[in-house]
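*Asks:* What follows is a single structure, and I will ask about it in a moment.
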Amino acid sequence: MSADTATRQGRSLGRTLMNKVPEITLYFWVIKIMCTTIGETAADYVNDTLGFGLVNTTYVSGALLAVLLLVQFRMRRYVPLAYWLVVVVISVFGTLITDNLTDGHNVPLTTTTPIFAAILAVVFAIWWAVERTLSVHTIVTSRREAFYWLAVLFTFALGTAAGDLVAEKADLGYAVSVGVFGGAIAVVAFAHYVLKWNAVLTFWLAYILTRPLGASIGDFLSQSDPKYGGLGLGTTATSGIFLACILAMIAYLTISKRDQTPEQVVLAEEAAHPLQRTEHHPHPQPRIAAGQSPDEA
């Protein structure tokens, strides 16, 4: 069977013909970090400034996330506004998962960090076992998209726990934390571009690390602490500035389509990792010759 034939058959099994996530470009990482920053500051704003409290903030963000995911899943292609709104809210919800465990139930970060790492590893293992690929260039069915968003959720939960653990144990200031996690991402980029590490592995490592980086940036801008520093802009101003920047970039990408995955990339990835399916092969029926009864066949 040719690659084109296999690809056409694979596409016929999927819900959509277009990749549902953006191409991994500089735009992707800039918006992702800003979304993560809002995840930190917006959660604090709703929880503390508006007085919702940790539990109610979690309920509100969870309900909003469910609505946005429903919209996202109904899309048949990548739509920047729908996609990035999900990332913004899932960053808030993922942060709150960790905060509820640590602040609401006194579960130590030394416990939540390995737990979330194990859960994320299980998600990846099941995703791989079912689809035989973790590539973000092949999110072309609802099932693959479900695995993708589940993995994204736990990268935020893990990134929150790991970032808070490092900051707590090392007693770092906000500016130093930005440098530490930014440096870690630079190491991952070096491993990918220079050492030629696996692209899927380095992508997800960088994705996890952007959570504590964005949170550190958010804390540095919004907080003013004698010990840890900060510019003291407040959570309202910081969230508003970053949200405006995200919306401006989304508008640009919607018009320019600079973050659309090239069709040839999707085709090549699908040919290399065709959609997995379970086919039912009925037992072949014996052929009945002329003049022969079914019992004699």
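Starting from 1 in every chain, residues are counted up; chains themselves are A, B, ... following the order of the structure tokens, and ligands are numbered from 1 as listed.
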Excluding A:Phe73 and any residue of its chain fewer than 4 positions from it, enumerate the residues within 8 Å of it, using only C-alpha atoms, and give them as a list of chain:residue names.
*Replies:*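 Here the qualifying residues turn out to be A:Leu69, A:Ser142, A:Glu145.
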*Asks:* For A:Ser61, work out the shell of residues within 12 Å, counting only C-alpha atoms and skipping chain neighbours fewer than 3 positions away, then give it as an MDAnalysis selection string.
*Replies:* chainID A and resid 39 42:43 46:47 52 54:58 64:69 85:97
*Asks:* What does the distance from atom CA of A:Ile33 to atom CA of A:Gly62 come to in Å, to one decimal?
*Replies:*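 Between atom CA of A:Ile33 and atom CA of A:Gly62 the gap works out to 20.8 Å.
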*Asks:* Just the residues within 10 Å of A:Ile208, please, counting only C-alpha atoms, with nothing from its chain fewer than 4 positions along; format it as a short mmCIF file (atom, residue, chain, number, x, y, z; two decimals) with C-alpha atoms, in the first residue's frame.
*Replies:*
data_model
loop_
_atom_site.label_atom_id
_atom_site.label_comp_id
_atom_site.auth_asym_id
_atom_site.auth_seq_id
_atom_site.Cartn_x
_atom_site.Cartn_y
_atom_site.Cartn_z
CA VAL A 152 -1.14 19.59 28.67
CA PHE A 154 -0.74 17.61 33.80
CA THR A 155 2.27 19.48 32.43
CA PHE A 156 0.79 22.57 34.09
CA ALA A 157 0.13 20.73 37.35
CA LEU A 158 3.63 19.22 37.31
CA GLY A 159 5.27 22.48 36.30
CA THR A 160 3.52 24.28 39.15
CA ALA A 162 8.13 21.35 40.50
CA GLY A 163 8.59 25.10 40.14
CA ILE A 185 14.81 25.79 28.65
CA THR A 202 12.51 18.05 23.92
CA PHE A 203 9.16 19.63 23.06
CA TRP A 204 7.42 18.19 26.11
CA PRO A 212 7.58 27.62 36.26
CA LEU A 213 9.25 30.16 33.95
#
*Asks:* When you look at stretch 244-251 of chain A with a cut-off of 12 Å (counting only C-alpha atoms), what residues show up, excluding the ones that are within fewer than 6 positions of it in the same chain? I need them as an MDAnalysis selection string.
*Replies:* chainID A and resid 22 26:38 79:85 87:88 237:238 257:259
*Asks:* Counting only C-alpha atoms, which residue out of A:Leu221, A:Leu172, A:Ala268, A:Val136 sits closest to A:Ile24?
*Replies:*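 Among the listed residues, A:Val136 lies closest to A:Ile24.
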*Asks:* As JSON, numbers by chain, which residues of stretch 69-297 of chain A does DSSP assign to alpha helix (DSSP H)?
*Replies:* {"A": [69, 70, 71, 72, 73, 74, 80, 81, 82, 83, 84, 85, 86, 87, 88, 89, 90, 91, 92, 93, 94, 95, 96, 97, 98, 99, 109, 110, 111, 112, 113, 114, 115, 116, 117, 118, 119, 120, 121, 122, 123, 124, 125, 126, 127, 128, 129, 130, 131, 142, 143, 144, 145, 146, 147, 148, 149, 150, 151, 152, 153, 154, 155, 156, 157, 158, 159, 160, 161, 162, 163, 164, 165, 166, 167, 168, 169, 170, 174, 175, 176, 177, 178, 179, 180, 181, 182, 183, 184, 185, 186, 187, 188, 189, 190, 191, 192, 193, 199, 200, 201, 202, 203, 204, 205, 206, 207, 208, 209, 210, 211, 212, 213, 214, 215, 216, 217, 218, 219, 220, 221, 222, 235, 236, 237, 238, 239, 240, 241, 242, 243, 244, 245, 246, 247, 248, 249, 250, 251, 252, 253, 254, 255, 256, 263, 264, 265, 266, 267, 268, 269, 270, 271, 272]}
*Asks:* Between A:Thr102, A:Ser224, A:Asn198, A:Thr141, which is the closest to A:Asp164 once you count only C-alpha atoms?
*Replies:*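 Closest candidate: A:Thr102.
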*Asks:* Ranking A:Ile217, A:Ala146, A:Ala206, A:Leu195 by minimum distance to A:Gly179 and counting only C-alpha atoms, which one comes first?
*Replies:* A:Ile217
*Asks:* Do you know which residues are at most 6 Å from A:Ser239 counting only C-alpha atoms, after dropping those on the same chain fewer than 4 positions away, and could you put them as a list in words?
*Replies:*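 Returned residues: Ile38, Thr41, Thr235 and Leu243 of chain A.
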*Asks:* Could you please take those selected residues and save C-alpha atoms as a PDB file, in the first residue's frame?
*Replies:*
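Everything below was put into result11.pdb:
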ATOM      1  CA  ILE A  38      -1.652  34.683  33.264  1.00  0.00           C
ATOM      2  CA  THR A  41      -1.579  35.956  38.121  1.00  0.00           C
ATOM      3  CA  THR A 235      -2.050  40.835  39.540  1.00  0.00           C
ATOM      4  CA  LEU A 243      -3.888  39.193  28.038  1.00  0.00           C
TER       5      LEU A 243
END
*Asks:* Suppose you want the space between atom CA of A:Val122 and atom CA of A:Ala186; what is it in Å?
*Replies:* 26.6 Å
*Asks:* Could you please determine the separation between atom CA of A:Ser135 and atom CA of A:Leu253 in Å, to one decimal place?
*Replies:*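 Distance between the two atoms: 21.9 Å.
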*Asks:* Tell me, as number ranges by chain, which residues lie within 9 Å of A:Trp197, counting only C-alpha atoms; anything in the same chain fewer than 6 positions away does not count.
*Replies:* A: 188, 190-191
*Asks:* For C-alpha atoms, I'd like the residues from the last selection saved as an mmCIF file, in the first residue's frame.
*Replies:*
data_model
loop_
_atom_site.group_PDB
_atom_site.id
_atom_site.type_symbol
_atom_site.label_atom_id
_atom_site.label_comp_id
_atom_site.auth_asym_id
_atom_site.auth_seq_id
_atom_site.Cartn_x
_atom_site.Cartn_y
_atom_site.Cartn_z
ATOM 1 C CA VAL A 188 16.679 21.772 26.291
ATOM 2 C CA PHE A 190 20.599 23.163 22.878
ATOM 3 C CA ALA A 191 19.899 19.453 23.251
#
*Asks:* Please identify all polymer residues within 9 Å of A:Gln223, counting only C-alpha atoms, omitting same-chain residues fewer than 2 positions from it, and present them as JSON, numbers by chain.
*Replies:* {"A": [174, 218, 219, 220, 221, 225, 228, 229, 230, 231, 232, 233, 234, 235]}
